[in-house]
>>> print(open('my_file31.csv').read())   # CSV, N, CA and C atoms
chain,number,residue,atom,x,y,z
A,11,MET,N,0.8,-1.2,0.0
A,11,MET,CA,0.0,0.0,0.0
A,11,MET,C,0.9,1.3,0.0
A,12,SER,N,2.0,1.2,0.7
A,12,SER,CA,2.8,2.5,0.8
A,12,SER,C,3.4,2.9,-0.5
A,13,HIS,N,3.7,1.9,-1.3
A,13,HIS,CA,4.3,2.2,-2.7
A,13,HIS,C,3.2,2.9,-3.5
A,14,GLU,N,2.0,2.4,-3.5
A,14,GLU,CA,0.9,3.0,-4.3
A,14,GLU,C,0.6,4.4,-3.9
A,15,ILE,N,0.8,4.8,-2.6
A,15,ILE,CA,0.5,6.1,-2.2
A,15,ILE,C,1.7,7.1,-2.4
A,16,ARG,N,2.9,6.6,-2.2
A,16,ARG,CA,4.1,7.4,-2.3
A,16,ARG,C,4.5,7.7,-3.7
A,17,THR,N,4.3,6.8,-4.6
A,17,THR,CA,4.8,6.9,-6.0
A,17,THR,C,4.2,8.1,-6.7
A,18,PRO,N,2.8,8.3,-6.7
A,18,PRO,CA,2.3,9.4,-7.4
A,18,PRO,C,2.7,10.8,-6.8
A,19,ILE,N,2.8,10.8,-5.4
A,19,ILE,CA,3.3,12.1,-4.8
A,19,ILE,C,4.7,12.4,-5.2
A,20,ASN,N,5.6,11.4,-5.2
A,20,ASN,CA,7.0,11.6,-5.6
A,20,ASN,C,7.0,12.0,-7.1
A,21,ALA,N,6.1,11.5,-7.9
A,21,ALA,CA,6.1,11.9,-9.3
A,21,ALA,C,5.7,13.3,-9.5
A,22,VAL,N,4.7,13.8,-8.7
A,22,VAL,CA,4.3,15.2,-8.7
A,22,VAL,C,5.4,16.1,-8.2
A,23,LEU,N,6.1,15.7,-7.2
A,23,LEU,CA,7.2,16.5,-6.6
A,23,LEU,C,8.4,16.5,-7.6
A,24,GLY,N,8.6,15.4,-8.3
A,24,GLY,CA,9.7,15.4,-9.3
A,24,GLY,C,9.4,16.3,-10.5
A,25,MET,N,8.2,16.2,-11.0
A,25,MET,CA,7.8,17.1,-12.1
A,25,MET,C,7.8,18.6,-11.7
A,26,ASN,N,7.4,18.8,-10.5
A,26,ASN,CA,7.4,20.2,-9.9
A,26,ASN,C,8.8,20.7,-9.8
A,27,GLU,N,9.7,19.8,-9.4
A,27,GLU,CA,11.1,20.2,-9.3
A,27,GLU,C,11.7,20.7,-10.6
A,28,MET,N,11.2,20.0,-11.7
A,28,MET,CA,11.6,20.4,-13.0
A,28,MET,C,11.1,21.8,-13.4
A,29,ILE,N,9.9,22.1,-12.9
A,29,ILE,CA,9.3,23.4,-13.1
A,29,ILE,C,10.2,24.5,-12.4
A,30,LEU,N,10.5,24.2,-11.2
A,30,LEU,CA,11.4,25.1,-10.4
A,30,LEU,C,12.7,25.3,-11.1
A,31,HIS,N,13.3,24.3,-11.6
A,31,HIS,CA,14.6,24.5,-12.3
A,31,HIS,C,14.5,25.2,-13.6
A,32,LYS,N,13.4,25.0,-14.4
A,32,LYS,CA,13.4,25.4,-15.7
A,32,LYS,C,12.7,26.8,-15.9
A,33,SER,N,11.8,27.2,-15.0
A,33,SER,CA,11.1,28.4,-15.1
A,33,SER,C,11.8,29.6,-14.6
A,34,ASN,N,11.7,30.7,-15.3
A,34,ASN,CA,12.3,32.0,-14.9
A,34,ASN,C,11.2,32.9,-14.5
A,35,ASP,N,9.9,32.5,-14.7
A,35,ASP,CA,8.8,33.4,-14.3
A,35,ASP,C,8.6,33.4,-12.8
A,36,ILE,N,8.6,34.5,-12.2
A,36,ILE,CA,8.6,34.6,-10.7
A,36,ILE,C,7.3,34.0,-10.2
A,37,ASN,N,6.1,34.3,-10.8
A,37,ASN,CA,4.9,33.8,-10.3
A,37,ASN,C,4.8,32.3,-10.4
A,38,ILE,N,5.3,31.7,-11.5
A,38,ILE,CA,5.2,30.3,-11.7
A,38,ILE,C,6.2,29.6,-10.6
A,39,ARG,N,7.3,30.3,-10.4
A,39,ARG,CA,8.3,29.7,-9.4
A,39,ARG,C,7.6,29.8,-8.0
A,40,GLU,N,6.9,30.8,-7.7
A,40,GLU,CA,6.3,30.9,-6.4
A,40,GLU,C,5.2,29.9,-6.3
A,41,TYR,N,4.4,29.7,-7.3
A,41,TYR,CA,3.4,28.6,-7.3
A,41,TYR,C,4.0,27.2,-7.1
A,42,ALA,N,5.1,27.0,-7.8
A,42,ALA,CA,5.8,25.7,-7.8
A,42,ALA,C,6.4,25.5,-6.4
A,43,SER,N,6.9,26.6,-5.8
A,43,SER,CA,7.5,26.5,-4.5
A,43,SER,C,6.4,26.1,-3.5
A,44,ASN,N,5.2,26.7,-3.6
A,44,ASN,CA,4.1,26.3,-2.7
A,44,ASN,C,3.7,24.9,-2.9
A,45,ILE,N,3.7,24.4,-4.1
A,45,ILE,CA,3.4,23.0,-4.4
A,45,ILE,C,4.4,22.1,-3.8
A,46,GLN,N,5.7,22.5,-3.9
A,46,GLN,CA,6.8,21.7,-3.3
A,46,GLN,C,6.6,21.6,-1.8
A,47,ASN,N,6.4,22.7,-1.2
A,47,ASN,CA,6.3,22.7,0.3
A,47,ASN,C,5.1,21.8,0.7
A,48,SER,N,3.9,22.0,0.1
A,48,SER,CA,2.7,21.3,0.4
A,48,SER,C,2.9,19.8,0.1
A,49,GLY,N,3.5,19.5,-1.0
A,49,GLY,CA,3.8,18.1,-1.4
A,49,GLY,C,4.7,17.4,-0.4
A,50,ARG,N,5.7,18.1,0.1
A,50,ARG,CA,6.6,17.5,1.1
A,50,ARG,C,5.9,17.2,2.4
A,51,THR,N,5.0,18.2,2.8
A,51,THR,CA,4.3,18.1,4.0
A,51,THR,C,3.3,16.9,3.9
A,52,LEU,N,2.7,16.8,2.7
A,52,LEU,CA,1.7,15.7,2.5
A,52,LEU,C,2.5,14.3,2.5
A,53,LEU,N,3.6,14.3,1.9
A,53,LEU,CA,4.4,13.0,1.9
A,53,LEU,C,4.9,12.7,3.3
A,54,SER,N,5.2,13.7,4.1
A,54,SER,CA,5.6,13.4,5.5
A,54,SER,C,4.4,12.9,6.3
A,55,LEU,N,3.3,13.5,6.1
A,55,LEU,CA,2.1,13.0,6.8
A,55,LEU,C,1.7,11.6,6.5
A,56,ILE,N,1.8,11.3,5.2
A,56,ILE,CA,1.6,9.9,4.7
A,56,ILE,C,2.6,8.9,5.3
A,57,ASN,N,3.8,9.3,5.3
A,57,ASN,CA,4.9,8.4,5.9
A,57,ASN,C,4.6,8.2,7.4
A,58,SER,N,4.2,9.2,8.1
A,58,SER,CA,3.8,9.1,9.5
A,58,SER,C,2.7,8.2,9.8
A,59,ILE,N,1.6,8.3,8.9
A,59,ILE,CA,0.5,7.5,9.0
A,59,ILE,C,0.8,6.0,8.8
A,60,LEU,N,1.6,5.8,7.7
A,60,LEU,CA,2.1,4.4,7.4
A,60,LEU,C,2.9,3.9,8.5
A,61,ASP,N,3.8,4.7,9.2
A,61,ASP,CA,4.6,4.2,10.3
A,61,ASP,C,3.7,3.8,11.5
A,62,PHE,N,2.6,4.6,11.7
A,62,PHE,CA,1.7,4.3,12.8
A,62,PHE,C,1.1,3.0,12.6
A,63,SER,N,0.7,2.7,11.3
A,63,SER,CA,0.1,1.4,10.9
A,63,SER,C,1.1,0.3,11.2
A,64,LYS,N,2.3,0.5,10.9
A,64,LYS,CA,3.3,-0.6,11.1
A,64,LYS,C,3.5,-0.8,12.6
A,65,ILE,N,3.5,0.3,13.4
A,65,ILE,CA,3.7,0.1,14.8
A,65,ILE,C,2.5,-0.6,15.4
A,66,GLU,N,1.2,-0.3,15.0
A,66,GLU,CA,0.0,-1.0,15.5
A,66,GLU,C,0.0,-2.4,15.1
A,67,ASP,N,0.6,-2.8,14.0
A,67,ASP,CA,0.6,-4.2,13.5
A,67,ASP,C,1.9,-4.9,14.0
A,68,ASN,N,2.7,-4.3,14.8
A,68,ASN,CA,3.9,-4.8,15.3
A,68,ASN,C,4.8,-5.2,14.2
A,69,LYS,N,4.8,-4.4,13.1
A,69,LYS,CA,5.7,-4.7,11.9
A,69,LYS,C,6.8,-3.7,11.8
A,70,MET,N,6.9,-2.7,12.7
A,70,MET,CA,7.9,-1.7,12.6
A,70,MET,C,9.2,-2.4,13.0
A,71,LYS,N,10.2,-2.3,12.1
A,71,LYS,CA,11.5,-2.9,12.4
A,71,LYS,C,12.6,-1.8,12.5
A,72,ILE,N,13.3,-1.9,13.6
A,72,ILE,CA,14.4,-1.0,13.8
A,72,ILE,C,15.6,-1.7,13.1
A,73,ILE,N,16.3,-1.0,12.2
A,73,ILE,CA,17.4,-1.6,11.5
A,73,ILE,C,18.7,-0.9,11.9
A,74,PRO,N,19.4,-1.5,12.8
A,74,PRO,CA,20.7,-0.8,13.2
A,74,PRO,C,21.8,-1.0,12.2
A,75,VAL,N,22.3,0.2,11.8
A,75,VAL,CA,23.5,0.2,10.8
A,75,VAL,C,24.5,1.2,11.3
A,76,GLU,N,25.7,1.1,10.9
A,76,GLU,CA,26.7,2.1,11.1
A,76,GLU,C,26.4,3.3,10.2
A,77,TYR,N,26.4,4.5,10.7
A,77,TYR,CA,26.3,5.6,9.8
A,77,TYR,C,27.2,6.8,10.3
A,78,HIS,N,27.6,7.6,9.3
A,78,HIS,CA,28.5,8.7,9.6
A,78,HIS,C,27.6,9.9,10.0
A,79,THR,N,28.0,10.5,11.2
A,79,THR,CA,27.2,11.6,11.7
A,79,THR,C,27.3,12.8,10.8
A,80,ALA,N,28.5,13.0,10.2
A,80,ALA,CA,28.6,14.2,9.2
A,80,ALA,C,27.7,14.1,8.1
A,81,VAL,N,27.5,12.9,7.5
A,81,VAL,CA,26.7,12.6,6.4
A,81,VAL,C,25.2,12.9,6.8
A,82,LEU,N,24.9,12.4,8.0
A,82,LEU,CA,23.5,12.5,8.5
A,82,LEU,C,23.2,14.0,8.7
A,83,ILE,N,24.1,14.8,9.3
A,83,ILE,CA,23.9,16.2,9.5
A,83,ILE,C,23.8,16.9,8.1
A,84,ASN,N,24.7,16.6,7.2
A,84,ASN,CA,24.6,17.2,5.9
A,84,ASN,C,23.3,16.9,5.2
A,85,ASP,N,22.8,15.7,5.3
A,85,ASP,CA,21.5,15.4,4.6
A,85,ASP,C,20.4,16.2,5.3
A,86,LEU,N,20.4,16.3,6.6
A,86,LEU,CA,19.4,17.1,7.3
A,86,LEU,C,19.4,18.6,6.9
A,87,VAL,N,20.6,19.1,6.8
A,87,VAL,CA,20.8,20.5,6.4
A,87,VAL,C,20.3,20.7,5.0
A,88,ASN,N,20.6,19.8,4.1
A,88,ASN,CA,20.2,19.9,2.7
A,88,ASN,C,18.7,19.8,2.6
A,89,SER,N,18.1,19.0,3.5
A,89,SER,CA,16.6,18.8,3.4
A,89,SER,C,15.9,20.0,3.9
A,90,VAL,N,16.4,20.8,4.8
A,90,VAL,CA,15.7,21.9,5.5
A,90,VAL,C,16.2,23.3,5.1
A,91,ALA,N,17.4,23.4,4.6
A,91,ALA,CA,18.0,24.7,4.3
A,91,ALA,C,17.2,25.6,3.4
A,92,ALA,N,16.7,25.0,2.3
A,92,ALA,CA,15.9,25.8,1.3
A,92,ALA,C,14.6,26.3,2.0
A,93,ARG,N,13.9,25.5,2.7
A,93,ARG,CA,12.7,25.9,3.4
A,93,ARG,C,13.0,27.0,4.4
A,94,ALA,N,14.1,26.8,5.1
A,94,ALA,CA,14.4,27.8,6.1
A,94,ALA,C,14.7,29.2,5.5
A,95,ALA,N,15.5,29.1,4.4
A,95,ALA,CA,15.8,30.4,3.7
A,95,ALA,C,14.5,31.0,3.1
A,96,GLU,N,13.6,30.2,2.6
A,96,GLU,CA,12.3,30.8,2.1
A,96,GLU,C,11.6,31.5,3.2
A,97,ASN,N,11.7,31.1,4.4
A,97,ASN,CA,11.1,31.7,5.6
A,97,ASN,C,12.0,32.8,6.2
A,98,GLU,N,13.0,33.1,5.5
A,98,GLU,CA,14.0,34.1,6.0
A,98,GLU,C,14.6,33.7,7.4
A,99,LEU,N,14.9,32.4,7.5
A,99,LEU,CA,15.4,31.9,8.8
A,99,LEU,C,16.9,31.6,8.5
A,100,LYS,N,17.7,31.8,9.6
A,100,LYS,CA,19.1,31.5,9.5
A,100,LYS,C,19.4,30.2,10.1
A,101,LEU,N,19.9,29.3,9.3
A,101,LEU,CA,20.2,27.9,9.8
A,101,LEU,C,21.7,27.9,10.3
A,102,ILE,N,21.9,27.5,11.5
A,102,ILE,CA,23.2,27.5,12.1
A,102,ILE,C,23.5,26.0,12.5
A,103,VAL,N,24.6,25.5,12.1
A,103,VAL,CA,24.9,24.1,12.4
A,103,VAL,C,26.1,24.2,13.4
A,104,GLU,N,26.0,23.6,14.6
A,104,GLU,CA,27.1,23.5,15.5
A,104,GLU,C,27.2,22.1,16.0
A,105,ALA,N,28.2,21.4,15.6
A,105,ALA,CA,28.4,20.0,16.0
A,105,ALA,C,29.5,19.9,17.1
A,106,ASP,N,29.1,19.3,18.2
A,106,ASP,CA,30.0,19.1,19.3
A,106,ASP,C,31.3,18.3,18.9
A,107,GLU,N,32.4,18.8,19.3
A,107,GLU,CA,33.7,18.1,18.9
A,107,GLU,C,33.7,16.7,19.4
A,108,LEU,N,33.0,16.4,20.5
A,108,LEU,CA,33.0,15.0,21.1
A,108,LEU,C,32.0,14.1,20.4
A,109,LEU,N,31.2,14.6,19.5
A,109,LEU,CA,30.3,13.8,18.7
A,109,LEU,C,31.0,12.7,17.9
A,110,PRO,N,30.7,11.5,18.1
A,110,PRO,CA,31.4,10.4,17.4
A,110,PRO,C,31.2,10.6,15.9
A,111,SER,N,32.2,10.2,15.1
A,111,SER,CA,32.1,10.4,13.6
A,111,SER,C,31.2,9.2,13.1
A,112,VAL,N,31.1,8.1,13.8
A,112,VAL,CA,30.3,7.0,13.3
A,112,VAL,C,29.5,6.5,14.5
A,113,LEU,N,28.2,6.3,14.2
A,113,LEU,CA,27.3,5.8,15.2
A,113,LEU,C,26.6,4.5,14.7
A,114,LEU,N,26.0,3.7,15.6
A,114,LEU,CA,25.2,2.6,15.3
A,114,LEU,C,23.8,2.8,15.7
A,115,GLY,N,22.9,2.7,14.8
A,115,GLY,CA,21.4,2.9,15.0
A,115,GLY,C,20.6,2.8,13.8
A,116,ASP,N,19.3,3.1,13.9
A,116,ASP,CA,18.5,3.1,12.7
A,116,ASP,C,18.5,4.5,12.1
A,117,GLU,N,19.4,4.7,11.2
A,117,GLU,CA,19.7,6.0,10.6
A,117,GLU,C,18.4,6.6,10.0
A,118,VAL,N,17.6,5.8,9.4
A,118,VAL,CA,16.3,6.3,8.7
A,118,VAL,C,15.4,6.9,9.8
A,119,ARG,N,15.2,6.2,10.9
A,119,ARG,CA,14.3,6.7,11.9
A,119,ARG,C,14.9,7.9,12.6
A,120,ILE,N,16.2,7.9,12.9
A,120,ILE,CA,16.8,9.0,13.5
A,120,ILE,C,16.7,10.3,12.6
A,121,LYS,N,17.0,10.1,11.3
A,121,LYS,CA,16.8,11.2,10.4
A,121,LYS,C,15.4,11.7,10.3
A,122,GLN,N,14.5,10.8,10.4
A,122,GLN,CA,13.0,11.1,10.3
A,122,GLN,C,12.6,12.0,11.5
A,123,ILE,N,13.1,11.6,12.7
A,123,ILE,CA,12.7,12.3,13.9
A,123,ILE,C,13.3,13.7,13.9
A,124,ILE,N,14.6,13.8,13.6
A,124,ILE,CA,15.3,15.1,13.6
A,124,ILE,C,14.7,16.0,12.5
A,125,LEU,N,14.4,15.4,11.3
A,125,LEU,CA,13.8,16.2,10.2
A,125,LEU,C,12.4,16.7,10.6
A,126,ASN,N,11.6,15.9,11.3
A,126,ASN,CA,10.3,16.4,11.8
A,126,ASN,C,10.5,17.6,12.8
A,127,LEU,N,11.5,17.5,13.7
A,127,LEU,CA,11.7,18.6,14.6
A,127,LEU,C,12.1,19.9,13.8
A,128,LEU,N,13.0,19.7,12.9
A,128,LEU,CA,13.5,20.8,12.1
A,128,LEU,C,12.4,21.4,11.2
A,129,THR,N,11.6,20.6,10.6
A,129,THR,CA,10.5,21.0,9.8
A,129,THR,C,9.5,21.8,10.7
A,130,ASN,N,9.2,21.3,11.8
A,130,ASN,CA,8.3,22.0,12.7
A,130,ASN,C,8.8,23.3,13.1
A,131,ALA,N,10.1,23.4,13.4
A,131,ALA,CA,10.7,24.7,13.7
A,131,ALA,C,10.6,25.7,12.5
A,132,VAL,N,10.8,25.2,11.3
A,132,VAL,CA,10.7,26.1,10.1
A,132,VAL,C,9.3,26.5,10.0
A,133,ASN,N,8.3,25.6,10.2
A,133,ASN,CA,6.9,25.9,10.0
A,133,ASN,C,6.4,26.9,11.0
A,134,ILE,N,7.0,27.0,12.2
A,134,ILE,CA,6.5,28.0,13.1
A,134,ILE,C,7.4,29.2,13.0
A,135,ARG,N,8.3,29.2,12.0
A,135,ARG,CA,9.1,30.4,11.6
A,135,ARG,C,9.9,31.0,12.8
A,136,LYS,N,10.7,30.2,13.4
A,136,LYS,CA,11.6,30.7,14.4
A,136,LYS,C,12.6,31.6,13.7
A,137,LYS,N,13.2,32.6,14.3
A,137,LYS,CA,14.1,33.5,13.7
A,137,LYS,C,15.5,32.8,13.4
A,138,VAL,N,15.9,31.9,14.3
A,138,VAL,CA,17.2,31.3,14.2
A,138,VAL,C,16.9,29.8,14.4
A,139,LEU,N,17.4,29.0,13.5
A,139,LEU,CA,17.2,27.5,13.6
A,139,LEU,C,18.6,26.9,13.9
A,140,LEU,N,18.7,26.3,15.0
A,140,LEU,CA,20.0,25.8,15.5
A,140,LEU,C,20.0,24.2,15.5
A,141,LEU,N,21.0,23.7,14.8
A,141,LEU,CA,21.1,22.2,14.7
A,141,LEU,C,22.4,21.9,15.4
A,142,CYS,N,22.3,21.1,16.6
A,142,CYS,CA,23.4,20.8,17.3
A,142,CYS,C,23.6,19.3,17.3
>>> encode(input="my_file31.csv", output="structure tokens")
Amino acid sequence: MSHEIRTPINAVLGMNEMILHKSNDINIREYASNIQNSGRTLLSLINSILDFSKIEDNKMKIIPVEYHTAVLINDLVNSVAARAAENELKLIVEADELLPSVLLGDEVRIKQIILNLLTNAVNIRKKVLLLC
């Protein structure tokens, strides 16, 4: 079921991304940007609903893998930086020197949790967004 729901949304977001890259018209770019933001929010909501279904059915699996914290942070910054800038927010990244360079855990779930927090912060339009 998840594939059938996510595929059309990803197709719309992909085509919309092409509009954003190809169009020079300010109005069209603004419309496309609104579509992109709403589409990402919709996809996030669907992912959360599907995750709740997995939890209720005891089918949620935590997959521990080694992952690089720098890559994780970079992915998170790339995911939220454009939306933060659109909202005239300053994104500041401060990584503790003692943060291990490699961790063991479910990278997908950790990224999902942190991205939800960052997205919520952007949506309520805090003036400074701090990622530690």
>>> atom_distance(input="my_file31.csv", atom1="atom CA of Met28 of chain A", atom2="atom CA of Glu40 of chain A")
13.5 Å
>>> closest_residue(input="my_file31.csv", among="A:Thr51, A:Ile134, A:Val75, A:Leu99", to="Glu117 of chain A", atoms="only C-alpha atoms")
A:Val75
>>> atom_distance(input="my_file31.csv", atom1="atom CA of Asn34 of chain A", atom2="atom C of Ala92 of chain A")
18.0 Å
>>> select_by_dssp(input="my_file31.csv", residues="segment 68-120 of chain A", states="strand (DSSP E)", output="JSON, numbers by chain")
{"A": [75, 76, 77, 78, 100, 101, 102, 103, 112, 113, 114, 115]}
>>> closest_atom_pairs(input="my_file31.csv", of="segment 52-109 of chain A", to="segment 120-131 of chain A", cutoff="8 Å", atoms="only C-alpha atoms", output="tab-separated table")
residue	atom	partner	partner_atom	distance
A:Leu82	CA	A:Lys121	CA	7.1
A:Leu86	CA	A:Leu125	CA	6.4
A:Ser89	CA	A:Leu125	CA	7.8
A:Val90	CA	A:Thr129	CA	6.8
>>> write_last_selection(input="my_file31.csv", atoms="N, CA and C atoms", output="mmCIF file, keeping the file's coordinate frame")
data_model
loop_
_atom_site.group_PDB
_atom_site.id
_atom_site.type_symbol
_atom_site.label_atom_id
_atom_site.label_comp_id
_atom_site.auth_asym_id
_atom_site.auth_seq_id
_atom_site.Cartn_x
_atom_site.Cartn_y
_atom_site.Cartn_z
ATOM 1 N N LEU A 82 24.900 12.400 8.000
ATOM 2 C CA LEU A 82 23.500 12.500 8.500
ATOM 3 C C LEU A 82 23.200 14.000 8.700
ATOM 4 N N LEU A 86 20.400 16.300 6.600
ATOM 5 C CA LEU A 86 19.400 17.100 7.300
ATOM 6 C C LEU A 86 19.400 18.600 6.900
ATOM 7 N N SER A 89 18.100 19.000 3.500
ATOM 8 C CA SER A 89 16.600 18.800 3.400
ATOM 9 C C SER A 89 15.900 20.000 3.900
ATOM 10 N N VAL A 90 16.400 20.800 4.800
ATOM 11 C CA VAL A 90 15.700 21.900 5.500
ATOM 12 C C VAL A 90 16.200 23.300 5.100
#
>>> decode(input="my_file31.csv", residues="segment 21-30 of chain A", atoms="all heavy atoms", output="PDB file, in the first residue's frame")
ATOM      1  N   ALA A  21       6.148  11.472  -7.926  1.00  0.00           N
ATOM      2  CA  ALA A  21       6.120  11.872  -9.335  1.00  0.00           C
ATOM      3  C   ALA A  21       5.733  13.348  -9.459  1.00  0.00           C
ATOM      4  O   ALA A  21       6.358  14.102 -10.217  1.00  0.00           O
ATOM      5  CB  ALA A  21       5.145  11.001 -10.116  1.00  0.00           C
ATOM      6  N   VAL A  22       4.731  13.769  -8.713  1.00  0.00           N
ATOM      7  CA  VAL A  22       4.305  15.176  -8.731  1.00  0.00           C
ATOM      8  C   VAL A  22       5.441  16.067  -8.240  1.00  0.00           C
ATOM      9  O   VAL A  22       5.746  17.098  -8.853  1.00  0.00           O
ATOM     10  CB  VAL A  22       3.032  15.384  -7.871  1.00  0.00           C
ATOM     11  CG1 VAL A  22       2.753  16.855  -7.658  1.00  0.00           C
ATOM     12  CG2 VAL A  22       1.837  14.698  -8.515  1.00  0.00           C
ATOM     13  N   LEU A  23       6.089  15.669  -7.152  1.00  0.00           N
ATOM     14  CA  LEU A  23       7.197  16.468  -6.624  1.00  0.00           C
ATOM     15  C   LEU A  23       8.358  16.523  -7.614  1.00  0.00           C
ATOM     16  O   LEU A  23       8.994  17.567  -7.772  1.00  0.00           O
ATOM     17  CB  LEU A  23       7.665  15.903  -5.279  1.00  0.00           C
ATOM     18  CG  LEU A  23       6.704  16.106  -4.102  1.00  0.00           C
ATOM     19  CD1 LEU A  23       7.199  15.359  -2.874  1.00  0.00           C
ATOM     20  CD2 LEU A  23       6.511  17.570  -3.798  1.00  0.00           C
ATOM     21  N   GLY A  24       8.623  15.422  -8.299  1.00  0.00           N
ATOM     22  CA  GLY A  24       9.698  15.398  -9.283  1.00  0.00           C
ATOM     23  C   GLY A  24       9.414  16.304 -10.470  1.00  0.00           C
ATOM     24  O   GLY A  24      10.284  17.058 -10.915  1.00  0.00           O
ATOM     25  N   MET A  25       8.203  16.244 -10.977  1.00  0.00           N
ATOM     26  CA  MET A  25       7.828  17.112 -12.094  1.00  0.00           C
ATOM     27  C   MET A  25       7.827  18.578 -11.654  1.00  0.00           C
ATOM     28  O   MET A  25       8.255  19.462 -12.396  1.00  0.00           O
ATOM     29  CB  MET A  25       6.447  16.718 -12.639  1.00  0.00           C
ATOM     30  CG  MET A  25       6.407  15.320 -13.223  1.00  0.00           C
ATOM     31  SD  MET A  25       7.556  15.118 -14.595  1.00  0.00           S
ATOM     32  CE  MET A  25       6.631  15.837 -15.890  1.00  0.00           C
ATOM     33  N   ASN A  26       7.369  18.821 -10.459  1.00  0.00           N
ATOM     34  CA  ASN A  26       7.362  20.186  -9.935  1.00  0.00           C
ATOM     35  C   ASN A  26       8.789  20.714  -9.776  1.00  0.00           C
ATOM     36  O   ASN A  26       9.059  21.896 -10.014  1.00  0.00           O
ATOM     37  CB  ASN A  26       6.610  20.228  -8.604  1.00  0.00           C
ATOM     38  CG  ASN A  26       6.375  21.634  -8.137  1.00  0.00           C
ATOM     39  OD1 ASN A  26       5.687  22.394  -8.784  1.00  0.00           O
ATOM     40  ND2 ASN A  26       6.970  21.986  -7.017  1.00  0.00           N
ATOM     41  N   GLU A  27       9.708  19.827  -9.386  1.00  0.00           N
ATOM     42  CA  GLU A  27      11.120  20.201  -9.263  1.00  0.00           C
ATOM     43  C   GLU A  27      11.662  20.658 -10.618  1.00  0.00           C
ATOM     44  O   GLU A  27      12.438  21.619 -10.690  1.00  0.00           O
ATOM     45  CB  GLU A  27      11.928  19.009  -8.732  1.00  0.00           C
ATOM     46  CG  GLU A  27      13.325  19.342  -8.311  1.00  0.00           C
ATOM     47  CD  GLU A  27      13.407  20.142  -7.022  1.00  0.00           C
ATOM     48  OE1 GLU A  27      12.554  19.956  -6.144  1.00  0.00           O
ATOM     49  OE2 GLU A  27      14.329  20.970  -6.917  1.00  0.00           O
ATOM     50  N   MET A  28      11.210  20.002 -11.679  1.00  0.00           N
ATOM     51  CA  MET A  28      11.627  20.411 -13.022  1.00  0.00           C
ATOM     52  C   MET A  28      11.105  21.809 -13.350  1.00  0.00           C
ATOM     53  O   MET A  28      11.810  22.614 -13.958  1.00  0.00           O
ATOM     54  CB  MET A  28      11.149  19.389 -14.057  1.00  0.00           C
ATOM     55  CG  MET A  28      11.859  18.051 -13.938  1.00  0.00           C
ATOM     56  SD  MET A  28      11.203  16.776 -15.006  1.00  0.00           S
ATOM     57  CE  MET A  28      11.542  17.460 -16.611  1.00  0.00           C
ATOM     58  N   ILE A  29       9.891  22.100 -12.937  1.00  0.00           N
ATOM     59  CA  ILE A  29       9.335  23.443 -13.147  1.00  0.00           C
ATOM     60  C   ILE A  29      10.176  24.472 -12.406  1.00  0.00           C
ATOM     61  O   ILE A  29      10.505  25.529 -12.952  1.00  0.00           O
ATOM     62  CB  ILE A  29       7.857  23.503 -12.689  1.00  0.00           C
ATOM     63  CG1 ILE A  29       6.984  22.637 -13.592  1.00  0.00           C
ATOM     64  CG2 ILE A  29       7.353  24.949 -12.655  1.00  0.00           C
ATOM     65  CD1 ILE A  29       5.571  22.427 -13.079  1.00  0.00           C
ATOM     66  N   LEU A  30      10.538  24.155 -11.177  1.00  0.00           N
ATOM     67  CA  LEU A  30      11.362  25.085 -10.388  1.00  0.00           C
ATOM     68  C   LEU A  30      12.712  25.345 -11.052  1.00  0.00           C
ATOM     69  O   LEU A  30      13.222  26.460 -11.010  1.00  0.00           O
ATOM     70  CB  LEU A  30      11.573  24.532  -8.970  1.00  0.00           C
ATOM     71  CG  LEU A  30      10.403  24.686  -8.016  1.00  0.00           C
ATOM     72  CD1 LEU A  30      10.614  23.840  -6.760  1.00  0.00           C
ATOM     73  CD2 LEU A  30      10.198  26.136  -7.635  1.00  0.00           C
TER      74      LEU A  30
END
